[in-house]
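Structure file upload.tsv; described as TSV, C-alpha atoms.
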```tsv
chain	number	residue	atom	x	y	z
A	61	MET	CA	-66.90	-43.47	58.80
A	62	ARG	CA	-67.41	-42.11	55.32
A	63	TRP	CA	-70.93	-43.49	55.16
A	64	GLY	CA	-71.64	-43.56	58.89
A	65	GLU	CA	-71.03	-47.32	59.24
A	66	ALA	CA	-67.99	-47.10	61.54
A	67	ASN	CA	-67.03	-45.09	64.59
A	68	LYS	CA	-64.93	-42.00	64.19
A	69	ASP	CA	-61.82	-41.38	66.27
A	70	PRO	CA	-62.94	-38.85	68.92
A	71	HIS	CA	-59.42	-37.43	68.85
A	72	TYR	CA	-60.33	-35.68	65.57
A	73	ALA	CA	-63.86	-34.57	66.48
A	74	ASP	CA	-63.07	-30.83	66.54
A	75	LEU	CA	-61.30	-31.00	63.20
A	76	ASP	CA	-64.17	-33.01	61.75
A	77	ARG	CA	-66.73	-30.42	62.87
A	78	LEU	CA	-64.65	-27.62	61.37
A	79	VAL	CA	-64.30	-29.35	58.01
A	80	THR	CA	-67.94	-30.43	57.84
A	81	ALA	CA	-69.17	-26.92	58.69
A	82	ALA	CA	-67.14	-25.16	55.97
A	83	GLN	CA	-69.33	-23.57	53.34
A	84	SER	CA	-66.54	-22.58	50.96
A	85	ILE	CA	-62.82	-22.92	50.25
A	86	SER	CA	-60.74	-19.75	49.90
A	87	THR	CA	-57.51	-21.42	48.72
A	88	PRO	CA	-56.80	-21.21	44.96
A	89	THR	CA	-57.71	-24.62	43.57
A	90	LEU	CA	-56.93	-26.56	40.40
A	91	MET	CA	-59.12	-29.63	39.98
A	92	ILE	CA	-58.06	-32.26	37.43
A	93	GLN	CA	-60.66	-34.80	36.32
A	94	GLY	CA	-60.22	-37.76	33.99
A	95	GLY	CA	-62.99	-37.65	31.39
A	96	SER	CA	-63.20	-41.46	31.46
A	97	ASP	CA	-62.85	-41.90	35.22
A	98	ALA	CA	-65.05	-44.91	36.00
A	99	VAL	CA	-64.97	-44.66	39.80
A	100	THR	CA	-65.33	-40.95	40.48
A	101	LEU	CA	-67.57	-40.11	37.58
A	102	ALA	CA	-66.84	-36.80	35.89
A	103	ALA	CA	-70.39	-35.64	36.65
A	104	THR	CA	-69.57	-35.69	40.38
A	105	THR	CA	-67.05	-32.86	39.98
A	106	GLU	CA	-69.15	-30.64	37.70
A	107	GLY	CA	-70.66	-27.34	38.82
A	108	LYS	CA	-68.62	-26.83	42.00
A	109	ASP	CA	-67.23	-23.41	41.08
A	110	GLN	CA	-69.48	-21.46	43.46
A	111	TYR	CA	-67.90	-23.13	46.51
A	112	PHE	CA	-64.42	-21.75	45.76
A	113	THR	CA	-63.87	-18.09	46.58
A	114	GLY	CA	-60.13	-17.89	45.88
A	115	GLY	CA	-60.12	-19.08	42.29
A	116	TYR	CA	-61.08	-22.47	40.84
A	117	THR	CA	-60.19	-24.16	37.60
A	118	ARG	CA	-61.37	-27.61	36.52
A	119	HIS	CA	-59.47	-29.39	33.77
A	120	VAL	CA	-61.05	-32.45	32.21
A	121	LEU	CA	-58.60	-34.79	30.47
A	122	PRO	CA	-60.46	-36.67	27.72
A	123	GLY	CA	-59.97	-40.44	27.62
A	124	VAL	CA	-58.14	-40.47	30.96
A	125	GLY	CA	-59.41	-42.54	33.88
A	126	HIS	CA	-58.90	-42.26	37.63
A	127	PHE	CA	-55.08	-41.94	37.63
A	128	PRO	CA	-54.11	-38.81	35.63
A	129	THR	CA	-50.54	-38.66	37.01
A	130	ARG	CA	-49.92	-42.21	35.84
A	131	GLU	CA	-52.01	-42.21	32.66
A	132	ALA	CA	-51.39	-38.72	31.32
A	133	PRO	CA	-48.37	-37.23	33.13
A	134	GLU	CA	-47.55	-34.66	30.44
A	135	ALA	CA	-51.00	-33.07	30.36
A	136	THR	CA	-51.20	-33.26	34.15
A	137	ASN	CA	-47.77	-31.68	34.65
A	138	LYS	CA	-48.55	-28.83	32.30
A	139	SER	CA	-51.71	-27.94	34.26
A	140	VAL	CA	-49.95	-28.34	37.60
A	141	LEU	CA	-46.93	-26.20	36.67
A	142	ASP	CA	-49.07	-23.43	35.16
A	143	PHE	CA	-51.06	-23.38	38.38
A	144	LEU	CA	-48.12	-23.50	40.81
A	145	ARG	CA	-46.26	-20.76	38.93
A	146	ALA	CA	-49.26	-18.41	38.76
B	74	MET	CA	-35.94	-43.35	53.03
B	75	PRO	CA	-36.35	-40.59	55.65
B	76	ILE	CA	-38.84	-41.10	58.46
B	77	GLU	CA	-40.21	-38.17	60.46
B	78	VAL	CA	-41.49	-38.86	63.96
B	79	THR	CA	-44.74	-37.01	64.66
B	80	PRO	CA	-47.15	-37.28	67.62
B	81	THR	CA	-49.25	-40.02	65.97
B	82	LEU	CA	-47.16	-41.52	63.19
B	83	ASN	CA	-43.65	-42.28	62.12
B	84	ILE	CA	-44.10	-40.92	58.62
B	85	ALA	CA	-42.00	-42.38	55.81
B	86	TYR	CA	-41.60	-39.97	52.93
B	87	GLU	CA	-39.57	-39.17	49.85
B	88	ALA	CA	-38.04	-35.72	49.53
B	89	GLY	CA	-36.63	-34.07	46.42
B	90	GLY	CA	-35.69	-30.82	44.74
B	91	PRO	CA	-33.72	-27.80	45.93
B	92	SER	CA	-33.81	-27.40	49.71
B	93	ASN	CA	-34.66	-23.71	49.34
B	94	GLY	CA	-37.39	-24.35	46.77
B	95	PHE	CA	-41.03	-23.59	47.53
B	96	PRO	CA	-42.40	-26.74	49.19
B	97	VAL	CA	-45.07	-28.95	47.67
B	98	ILE	CA	-46.59	-31.87	49.60
B	99	LEU	CA	-47.96	-34.62	47.36
B	100	LEU	CA	-50.59	-36.94	48.87
B	101	HIS	CA	-51.42	-40.26	47.24
B	102	GLY	CA	-54.75	-42.07	47.16
B	103	TRP	CA	-56.12	-45.58	47.58
B	104	PRO	CA	-55.22	-48.21	46.52
B	105	ASP	CA	-52.01	-46.43	45.60
B	106	ASP	CA	-48.79	-45.06	47.06
B	107	VAL	CA	-46.05	-42.49	46.49
B	108	ARG	CA	-45.15	-44.06	43.12
B	109	THR	CA	-48.25	-42.34	41.69
B	110	TYR	CA	-46.15	-39.15	41.55
B	111	ASP	CA	-43.06	-40.64	39.89
B	112	ARG	CA	-43.74	-38.77	36.64
B	113	VAL	CA	-44.65	-35.51	38.39
B	114	VAL	CA	-41.95	-35.05	41.04
B	115	PRO	CA	-38.98	-34.73	38.62
B	116	ILE	CA	-40.80	-32.03	36.66
B	117	LEU	CA	-41.58	-30.08	39.83
B	118	ASN	CA	-38.00	-30.44	41.08
B	119	ALA	CA	-36.61	-29.26	37.72
B	120	ALA	CA	-38.91	-26.23	37.98
B	121	GLY	CA	-37.36	-25.37	41.36
B	122	PHE	CA	-39.97	-26.79	43.73
B	123	SER	CA	-39.03	-28.80	46.79
B	124	THR	CA	-41.20	-31.93	47.13
B	125	VAL	CA	-42.34	-34.06	50.06
B	126	VAL	CA	-44.23	-37.26	49.24
B	127	PRO	CA	-45.38	-39.15	52.35
B	128	TYR	CA	-46.82	-42.63	52.66
B	129	LEU	CA	-50.24	-42.16	54.23
B	130	ARG	CA	-51.16	-44.05	57.42
B	131	GLY	CA	-51.54	-47.74	56.65
B	132	PHE	CA	-49.16	-47.65	53.66
B	133	GLY	CA	-45.51	-48.61	53.17
B	134	ASP	CA	-43.14	-47.87	56.04
B	135	THR	CA	-45.36	-45.30	57.74
B	136	SER	CA	-46.29	-46.71	61.15
B	137	PHE	CA	-48.23	-45.75	64.25
B	138	VAL	CA	-46.25	-44.53	67.26
B	139	SER	CA	-48.70	-46.15	69.68
B	140	LYS	CA	-50.10	-49.65	69.47
B	141	GLU	CA	-53.27	-48.34	71.08
B	142	ALA	CA	-53.96	-45.56	68.57
B	143	MET	CA	-57.22	-46.10	66.70
B	144	ARG	CA	-56.53	-47.16	63.12
B	145	SER	CA	-58.93	-44.60	61.74
B	146	GLY	CA	-59.02	-43.87	58.05
B	147	GLU	CA	-60.84	-40.57	58.46
B	148	ILE	CA	-59.85	-37.84	56.04
B	149	VAL	CA	-59.46	-35.35	58.91
B	150	ALA	CA	-57.09	-37.75	60.67
B	151	MET	CA	-54.94	-37.87	57.56
B	152	ALA	CA	-55.17	-34.07	57.27
B	153	GLN	CA	-53.76	-33.85	60.81
B	154	ASP	CA	-51.03	-36.31	59.78
B	155	ALA	CA	-50.08	-33.96	56.91
B	156	ILE	CA	-50.02	-30.95	59.26
B	157	ASP	CA	-47.86	-32.91	61.71
B	158	LEU	CA	-45.43	-33.72	58.90
B	159	ALA	CA	-45.33	-30.10	57.71
B	160	ASP	CA	-44.64	-28.99	61.29
B	161	ALA	CA	-41.93	-31.61	61.79
B	162	LEU	CA	-40.24	-30.41	58.58
B	163	ASN	CA	-40.66	-26.74	59.59
B	164	LEU	CA	-42.61	-25.94	56.46
B	165	GLY	CA	-44.28	-22.55	56.72
B	166	LYS	CA	-46.34	-22.02	53.61
B	167	PHE	CA	-46.67	-24.79	51.07
B	168	ALA	CA	-48.77	-26.10	48.18
B	169	VAL	CA	-50.59	-29.43	48.24
B	170	ILE	CA	-51.24	-31.85	45.41
B	171	GLY	CA	-53.64	-34.65	46.27
B	172	HIS	CA	-55.08	-37.57	44.33
B	173	ASP	CA	-58.20	-39.51	45.35
B	174	TRP	CA	-58.06	-39.65	49.20
B	175	GLY	CA	-55.19	-37.19	48.86
B	176	ALA	CA	-57.56	-34.76	47.13
B	177	ARG	CA	-60.02	-35.04	50.01
B	178	ILE	CA	-57.14	-34.38	52.41
B	179	ALA	CA	-56.07	-31.34	50.35
B	180	TYR	CA	-59.56	-29.82	50.58
B	181	ALA	CA	-59.56	-30.42	54.35
B	182	LEU	CA	-56.16	-28.74	54.70
B	183	ALA	CA	-57.38	-25.72	52.73
B	184	ILE	CA	-60.22	-25.41	55.26
B	185	VAL	CA	-58.21	-26.05	58.41
B	186	ILE	CA	-54.98	-24.11	57.74
B	187	PRO	CA	-55.76	-21.74	54.82
B	188	GLN	CA	-53.04	-19.32	55.94
B	189	ARG	CA	-50.37	-21.96	55.27
B	190	ILE	CA	-51.65	-23.32	51.96
B	191	SER	CA	-50.75	-21.35	48.82
B	192	GLY	CA	-52.84	-23.53	46.55
B	193	ILE	CA	-54.20	-27.04	46.12
B	194	VAL	CA	-54.26	-29.30	43.10
B	195	THR	CA	-56.92	-31.95	43.50
B	196	LEU	CA	-56.99	-34.95	41.19
B	197	SER	CA	-60.07	-37.09	40.58
B	198	VAL	CA	-62.24	-35.93	43.50
B	199	GLY	CA	-64.39	-32.80	43.82
B	200	TRP	CA	-65.60	-30.87	46.83
B	201	GLN	CA	-68.84	-29.42	48.10
B	202	PRO	CA	-69.86	-28.33	51.61
B	203	GLY	CA	-71.15	-30.71	54.26
B	204	GLU	CA	-71.25	-34.48	54.67
B	205	LEU	CA	-70.85	-36.55	51.52
B	206	PRO	CA	-74.25	-36.85	49.88
B	207	THR	CA	-75.62	-40.31	49.15
B	208	PRO	CA	-74.48	-40.96	45.59
B	209	ASN	CA	-76.95	-41.28	42.75
B	210	LEU	CA	-77.48	-44.81	41.46
B	211	LYS	CA	-74.91	-44.57	38.68
B	212	GLN	CA	-72.25	-43.36	41.12
B	213	ALA	CA	-73.37	-45.90	43.74
B	214	HIS	CA	-72.74	-48.61	41.13
B	215	ALA	CA	-69.22	-47.26	40.55
B	216	TYR	CA	-68.66	-47.36	44.33
B	217	TRP	CA	-69.61	-51.04	44.62
B	218	TYR	CA	-66.34	-51.87	46.44
B	219	GLN	CA	-67.17	-49.40	49.21
B	220	TRP	CA	-70.51	-51.09	49.93
B	221	PHE	CA	-68.78	-54.50	49.66
B	222	MET	CA	-66.28	-53.47	52.32
B	223	THR	CA	-69.01	-52.49	54.75
B	224	THR	CA	-69.93	-56.19	54.98
B	225	LYS	CA	-68.03	-58.72	57.10
B	226	ARG	CA	-67.55	-61.00	54.12
B	227	GLY	CA	-66.27	-58.17	51.98
B	228	ARG	CA	-63.76	-57.16	54.63
B	229	GLN	CA	-62.65	-60.78	54.83
B	230	VAL	CA	-61.93	-60.76	51.10
B	231	VAL	CA	-59.91	-57.56	51.41
B	232	ARG	CA	-58.00	-58.93	54.40
B	233	ASN	CA	-57.21	-62.22	52.72
B	234	ASN	CA	-56.54	-60.98	49.23
B	235	GLY	CA	-56.01	-57.25	49.29
B	236	LYS	CA	-53.68	-57.26	46.34
B	237	ALA	CA	-56.17	-58.86	43.96
B	238	PHE	CA	-58.85	-56.55	45.30
B	239	ALA	CA	-56.66	-53.54	44.57
B	240	ARG	CA	-55.80	-54.75	41.10
B	241	THR	CA	-59.48	-55.11	40.27
B	242	GLN	CA	-59.95	-51.44	41.14
B	243	TRP	CA	-57.04	-50.37	38.93
B	244	GLU	CA	-58.51	-52.40	36.06
B	245	ASN	CA	-62.00	-50.99	36.47
B	246	TRP	CA	-61.28	-47.34	37.15
B	247	SER	CA	-59.59	-46.39	33.88
B	248	PRO	CA	-59.74	-47.41	30.21
B	249	LEU	CA	-58.29	-50.91	29.73
B	250	GLY	CA	-54.60	-51.54	29.36
B	251	TRP	CA	-53.34	-48.39	31.07
B	252	PHE	CA	-50.82	-50.04	33.41
B	253	SER	CA	-48.19	-52.76	33.26
B	254	ASP	CA	-47.79	-55.61	35.75
B	255	GLU	CA	-44.54	-53.98	36.88
B	256	GLU	CA	-46.23	-50.67	37.62
B	257	PHE	CA	-48.89	-52.36	39.72
B	258	GLU	CA	-46.44	-54.62	41.55
B	259	ARG	CA	-44.18	-51.70	42.51
B	260	THR	CA	-47.08	-50.01	44.27
B	261	ALA	CA	-48.70	-53.18	45.63
B	262	LYS	CA	-45.68	-53.60	47.93
B	263	SER	CA	-47.02	-50.65	49.93
B	264	PHE	CA	-50.21	-52.40	50.83
B	265	GLU	CA	-48.71	-55.81	51.28
B	266	LYS	CA	-46.67	-54.57	54.21
B	267	SER	CA	-49.46	-53.32	56.43
B	268	GLY	CA	-52.17	-55.11	54.50
B	269	LEU	CA	-54.49	-53.13	52.28
B	270	ALA	CA	-57.01	-51.73	54.74
B	271	ARG	CA	-56.06	-54.48	57.17
B	272	ASN	CA	-55.67	-52.17	60.12
B	273	TYR	CA	-58.47	-49.82	59.33
B	274	LEU	CA	-61.21	-49.54	56.76
B	275	PRO	CA	-61.95	-45.94	55.86
B	276	PHE	CA	-64.95	-46.54	53.67
B	277	LEU	CA	-67.42	-47.79	56.26
```

Structure encoded using structure tokens:
Amino acid sequence: MRWGEANKDPHYADLDRLVTAAQSISTPTLMIQGGSDAVTLAATTEGKDQYFTGGYTRHVLPGVGHFPTREAPEATNKSVLDFLRA
Amino acid sequence: MPIEVTPTLNIAYEAGGPSNGFPVILLHGWPDDVRTYDRVVPILNAAGFSTVVPYLRGFGDTSFVSKEAMRSGEIVAMAQDAIDLADALNLGKFAVIGHDWGARIAYALAIVIPQRISGIVTLSVGWQPGELPTPNLKQAHAYWYQWFMTTKRGRQVVRNNGKAFARTQWENWSPLGWFSDEEFERTAKSFEKSGLARNYLPFL
């Protein structure tokens, strides 16, 4: 269903409409991106700040791929704790 | 391992930290499982946070209540699963940490129940309004496995050899040599049980 090649479960149609219609996110958000992520390229998460109205921080971890919690737990934990405690 | 019965799923999860700590739900991605947070959870617990780490639908011991329920891999379905779990555990306000699919679920939760979400940490996936745009060619190349799985033959490969398929993704998605055989095998158990994407294929 991500690319329109399978049927969606009608049970979630209302929720799907709500999520697809949203123009912004008001929840404070910390986004962590591996600088060497080879599946979700870092470019895909650039320049999204304007969609977040409740605060948005993007941390890029250089040399880290798609699994920051496994590859760079210390750097990830520091960002996460600073955010959760704020 | 505790299992919470919700309207759609019997959700297997790991819980930790002080029972009166502020709750954090941690949502894993694909092809992955709760072990992705093994080096995060102890730090959060030591800092006083209570943690809930569920196996998403299709992974580990999480199972469908009804045999007839559609095995959908929609992000909004998994967002509802997370809400059902939070309700079953009587969580009022909580934070969400999500990786990969889990990040997409976290964004959806922030949209659907903003009054209950104090903050979201999203790893490895960004957000913008509307349907996912068709990726540019460089990103489409990185997503080769998603196009592969939209074909019958690709699905057959995933059905017959999901573990090797998953391992290929782990190898390709990060700089070489980042994981041990043991680390992969521990997590691969979660998709051997129900079959990686055997019951439902969310990428189509």

Interatomic distance (Å, one decimal) between CA of Gly95 in chain A and CA of Pro248 in chain B: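 Distance reported for this atom pair: 10.4 Å.
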
Test item: residues at most 10 Å from Asn245 in chain B, all atoms listed in the file, excluding those fewer than 6 positions along its chain, as a VMD selection string: (chain A and resid 97 to 99 125 to 126) or (chain B and resid 215)

Nearest candidate to Val126 in chain B (options B:Glu265, B:Asp173, B:Glu77, B:Glu87; using all atoms listed in the file):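 Counting all atoms listed in the file, the residue closest to Val126 in chain B is B:Glu87.
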
Could you list the residues in chain A lying within 9 Å of chain B, using all atoms listed in the file, and format the result as a compact mmCIF listing (two decimals) with C-alpha atoms, keeping the file's coordinate frame?
```txt
# COMPACT_ATOMS: atom_id res chain seq x y z
CA MET A 61 -66.90 -43.47 58.80
CA ARG A 62 -67.41 -42.11 55.32
CA TRP A 63 -70.93 -43.49 55.16
CA GLY A 64 -71.64 -43.56 58.89
CA GLU A 65 -71.03 -47.32 59.24
CA ALA A 66 -67.99 -47.10 61.54
CA ASN A 67 -67.03 -45.09 64.59
CA LYS A 68 -64.93 -42.00 64.19
CA ASP A 69 -61.82 -41.38 66.27
CA HIS A 71 -59.42 -37.43 68.85
CA TYR A 72 -60.33 -35.68 65.57
CA ALA A 73 -63.86 -34.57 66.48
CA LEU A 75 -61.30 -31.00 63.20
CA ASP A 76 -64.17 -33.01 61.75
CA LEU A 78 -64.65 -27.62 61.37
CA VAL A 79 -64.30 -29.35 58.01
CA THR A 80 -67.94 -30.43 57.84
CA ALA A 81 -69.17 -26.92 58.69
CA ALA A 82 -67.14 -25.16 55.97
CA GLN A 83 -69.33 -23.57 53.34
CA SER A 84 -66.54 -22.58 50.96
CA ILE A 85 -62.82 -22.92 50.25
CA SER A 86 -60.74 -19.75 49.90
CA THR A 87 -57.51 -21.42 48.72
CA PRO A 88 -56.80 -21.21 44.96
CA THR A 89 -57.71 -24.62 43.57
CA LEU A 90 -56.93 -26.56 40.40
CA MET A 91 -59.12 -29.63 39.98
CA ILE A 92 -58.06 -32.26 37.43
CA GLN A 93 -60.66 -34.80 36.32
CA GLY A 94 -60.22 -37.76 33.99
CA SER A 96 -63.20 -41.46 31.46
CA ASP A 97 -62.85 -41.90 35.22
CA ALA A 98 -65.05 -44.91 36.00
CA VAL A 99 -64.97 -44.66 39.80
CA THR A 100 -65.33 -40.95 40.48
CA LEU A 101 -67.57 -40.11 37.58
CA ALA A 102 -66.84 -36.80 35.89
CA THR A 104 -69.57 -35.69 40.38
CA THR A 105 -67.05 -32.86 39.98
CA GLU A 106 -69.15 -30.64 37.70
CA LYS A 108 -68.62 -26.83 42.00
CA TYR A 111 -67.90 -23.13 46.51
CA GLY A 123 -59.97 -40.44 27.62
CA VAL A 124 -58.14 -40.47 30.96
CA GLY A 125 -59.41 -42.54 33.88
CA HIS A 126 -58.90 -42.26 37.63
CA PHE A 127 -55.08 -41.94 37.63
CA PRO A 128 -54.11 -38.81 35.63
CA THR A 129 -50.54 -38.66 37.01
CA ARG A 130 -49.92 -42.21 35.84
CA GLU A 131 -52.01 -42.21 32.66
CA PRO A 133 -48.37 -37.23 33.13
CA GLU A 134 -47.55 -34.66 30.44
CA THR A 136 -51.20 -33.26 34.15
CA ASN A 137 -47.77 -31.68 34.65
CA VAL A 140 -49.95 -28.34 37.60
CA LEU A 141 -46.93 -26.20 36.67
CA PHE A 143 -51.06 -23.38 38.38
CA LEU A 144 -48.12 -23.50 40.81
```

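Between CA of Gly175 in chain B and CA of Leu99 in chain B the interatomic distance comes to 7.8 Å.
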
Shell around Leu162 in chain B at 12 Å using all atoms listed in the file, local window under 4 positions removed, as a count of residues only: 21

Point-to-point distance in Å for CA of Ser136 in chain B and CA of Pro91 in chain B: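 So the two atoms, CA of Pro91 in chain B and CA of Ser136 in chain B, lie 27.3 Å apart.
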
Residue contacts of Ser263 in chain B (10 Å, all atoms listed in the file) excluding same-chain residues fewer than 2 positions away, as a short mmCIF file (atom, residue, chain, number, x, y, z; two decimals) with C-alpha atoms, in the coordinates of the input:
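Saved as out-v8.cif:
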```
data_model
loop_
_atom_site.label_atom_id
_atom_site.label_comp_id
_atom_site.auth_asym_id
_atom_site.auth_seq_id
_atom_site.Cartn_x
_atom_site.Cartn_y
_atom_site.Cartn_z
CA PRO B 104 -55.22 -48.21 46.52
CA ASP B 105 -52.01 -46.43 45.60
CA ASP B 106 -48.79 -45.06 47.06
CA VAL B 107 -46.05 -42.49 46.49
CA ARG B 108 -45.15 -44.06 43.12
CA TYR B 128 -46.82 -42.63 52.66
CA GLY B 131 -51.54 -47.74 56.65
CA PHE B 132 -49.16 -47.65 53.66
CA GLY B 133 -45.51 -48.61 53.17
CA ASP B 134 -43.14 -47.87 56.04
CA THR B 135 -45.36 -45.30 57.74
CA GLU B 258 -46.44 -54.62 41.55
CA ARG B 259 -44.18 -51.70 42.51
CA THR B 260 -47.08 -50.01 44.27
CA ALA B 261 -48.70 -53.18 45.63
CA GLU B 265 -48.71 -55.81 51.28
CA LYS B 266 -46.67 -54.57 54.21
CA SER B 267 -49.46 -53.32 56.43
CA GLY B 268 -52.17 -55.11 54.50
CA LEU B 269 -54.49 -53.13 52.28
#
```

Taking N, CA and C atoms as the atom set, what does range 233-256 of chain B look like once completed, written as a PDB file, in the coordinates of the input?
```pdb
ATOM      1  N   ASN B 233     -57.888 -61.015  53.202  1.00  0.00           N
ATOM      2  CA  ASN B 233     -57.210 -62.220  52.720  1.00  0.00           C
ATOM      3  C   ASN B 233     -56.554 -62.030  51.365  1.00  0.00           C
ATOM      4  N   ASN B 234     -57.063 -61.127  50.580  1.00  0.00           N
ATOM      5  CA  ASN B 234     -56.540 -60.980  49.230  1.00  0.00           C
ATOM      6  C   ASN B 234     -56.594 -59.534  48.756  1.00  0.00           C
ATOM      7  N   GLY B 235     -55.976 -58.684  49.559  1.00  0.00           N
ATOM      8  CA  GLY B 235     -56.010 -57.250  49.290  1.00  0.00           C
ATOM      9  C   GLY B 235     -55.390 -56.876  47.956  1.00  0.00           C
ATOM     10  N   LYS B 236     -54.367 -57.617  47.580  1.00  0.00           N
ATOM     11  CA  LYS B 236     -53.680 -57.260  46.340  1.00  0.00           C
ATOM     12  C   LYS B 236     -54.583 -57.468  45.120  1.00  0.00           C
ATOM     13  N   ALA B 237     -55.250 -58.595  45.083  1.00  0.00           N
ATOM     14  CA  ALA B 237     -56.170 -58.860  43.960  1.00  0.00           C
ATOM     15  C   ALA B 237     -57.314 -57.862  43.975  1.00  0.00           C
ATOM     16  N   PHE B 238     -57.758 -57.527  45.174  1.00  0.00           N
ATOM     17  CA  PHE B 238     -58.850 -56.550  45.300  1.00  0.00           C
ATOM     18  C   PHE B 238     -58.401 -55.203  44.741  1.00  0.00           C
ATOM     19  N   ALA B 239     -57.182 -54.808  45.074  1.00  0.00           N
ATOM     20  CA  ALA B 239     -56.660 -53.540  44.570  1.00  0.00           C
ATOM     21  C   ALA B 239     -56.515 -53.559  43.059  1.00  0.00           C
ATOM     22  N   ARG B 240     -56.027 -54.677  42.547  1.00  0.00           N
ATOM     23  CA  ARG B 240     -55.800 -54.750  41.100  1.00  0.00           C
ATOM     24  C   ARG B 240     -57.124 -54.646  40.331  1.00  0.00           C
ATOM     25  N   THR B 241     -58.158 -55.214  40.897  1.00  0.00           N
ATOM     26  CA  THR B 241     -59.480 -55.110  40.270  1.00  0.00           C
ATOM     27  C   THR B 241     -59.901 -53.638  40.158  1.00  0.00           C
ATOM     28  N   GLN B 242     -59.588 -52.870  41.202  1.00  0.00           N
ATOM     29  CA  GLN B 242     -59.950 -51.440  41.140  1.00  0.00           C
ATOM     30  C   GLN B 242     -59.156 -50.745  40.034  1.00  0.00           C
ATOM     31  N   TRP B 243     -57.871 -51.004  39.985  1.00  0.00           N
ATOM     32  CA  TRP B 243     -57.040 -50.370  38.930  1.00  0.00           C
ATOM     33  C   TRP B 243     -57.602 -50.711  37.546  1.00  0.00           C
ATOM     34  N   GLU B 244     -58.011 -51.976  37.370  1.00  0.00           N
ATOM     35  CA  GLU B 244     -58.510 -52.400  36.060  1.00  0.00           C
ATOM     36  C   GLU B 244     -59.830 -51.717  35.716  1.00  0.00           C
ATOM     37  N   ASN B 245     -60.652 -51.519  36.736  1.00  0.00           N
ATOM     38  CA  ASN B 245     -62.000 -50.990  36.470  1.00  0.00           C
ATOM     39  C   ASN B 245     -62.080 -49.471  36.380  1.00  0.00           C
ATOM     40  N   TRP B 246     -61.124 -48.785  36.983  1.00  0.00           N
ATOM     41  CA  TRP B 246     -61.280 -47.340  37.150  1.00  0.00           C
ATOM     42  C   TRP B 246     -60.819 -46.491  35.980  1.00  0.00           C
ATOM     43  N   SER B 247     -60.130 -47.130  35.017  1.00  0.00           N
ATOM     44  CA  SER B 247     -59.590 -46.390  33.880  1.00  0.00           C
ATOM     45  C   SER B 247     -59.733 -47.239  32.629  1.00  0.00           C
ATOM     46  N   PRO B 248     -59.662 -46.617  31.443  1.00  0.00           N
ATOM     47  CA  PRO B 248     -59.740 -47.410  30.210  1.00  0.00           C
ATOM     48  C   PRO B 248     -58.710 -48.532  30.216  1.00  0.00           C
ATOM     49  N   LEU B 249     -59.106 -49.682  29.692  1.00  0.00           N
ATOM     50  CA  LEU B 249     -58.290 -50.910  29.730  1.00  0.00           C
ATOM     51  C   LEU B 249     -56.860 -50.714  29.248  1.00  0.00           C
ATOM     52  N   GLY B 250     -55.978 -51.464  29.849  1.00  0.00           N
ATOM     53  CA  GLY B 250     -54.600 -51.540  29.360  1.00  0.00           C
ATOM     54  C   GLY B 250     -53.730 -50.359  29.733  1.00  0.00           C
ATOM     55  N   TRP B 251     -54.088 -49.626  30.768  1.00  0.00           N
ATOM     56  CA  TRP B 251     -53.340 -48.390  31.070  1.00  0.00           C
ATOM     57  C   TRP B 251     -52.115 -48.631  31.926  1.00  0.00           C
ATOM     58  N   PHE B 252     -52.004 -49.812  32.559  1.00  0.00           N
ATOM     59  CA  PHE B 252     -50.820 -50.040  33.410  1.00  0.00           C
ATOM     60  C   PHE B 252     -50.207 -51.399  33.118  1.00  0.00           C
ATOM     61  N   SER B 253     -48.905 -51.484  33.436  1.00  0.00           N
ATOM     62  CA  SER B 253     -48.190 -52.760  33.260  1.00  0.00           C
ATOM     63  C   SER B 253     -48.202 -53.510  34.595  1.00  0.00           C
ATOM     64  N   ASP B 254     -47.912 -54.813  34.524  1.00  0.00           N
ATOM     65  CA  ASP B 254     -47.790 -55.610  35.750  1.00  0.00           C
ATOM     66  C   ASP B 254     -46.740 -54.998  36.683  1.00  0.00           C
ATOM     67  N   GLU B 255     -45.632 -54.540  36.075  1.00  0.00           N
ATOM     68  CA  GLU B 255     -44.540 -53.980  36.880  1.00  0.00           C
ATOM     69  C   GLU B 255     -45.009 -52.746  37.647  1.00  0.00           C
ATOM     70  N   GLU B 256     -45.775 -51.905  36.963  1.00  0.00           N
ATOM     71  CA  GLU B 256     -46.230 -50.670  37.620  1.00  0.00           C
ATOM     72  C   GLU B 256     -47.135 -51.005  38.804  1.00  0.00           C
TER      73      GLU B 256
END
```
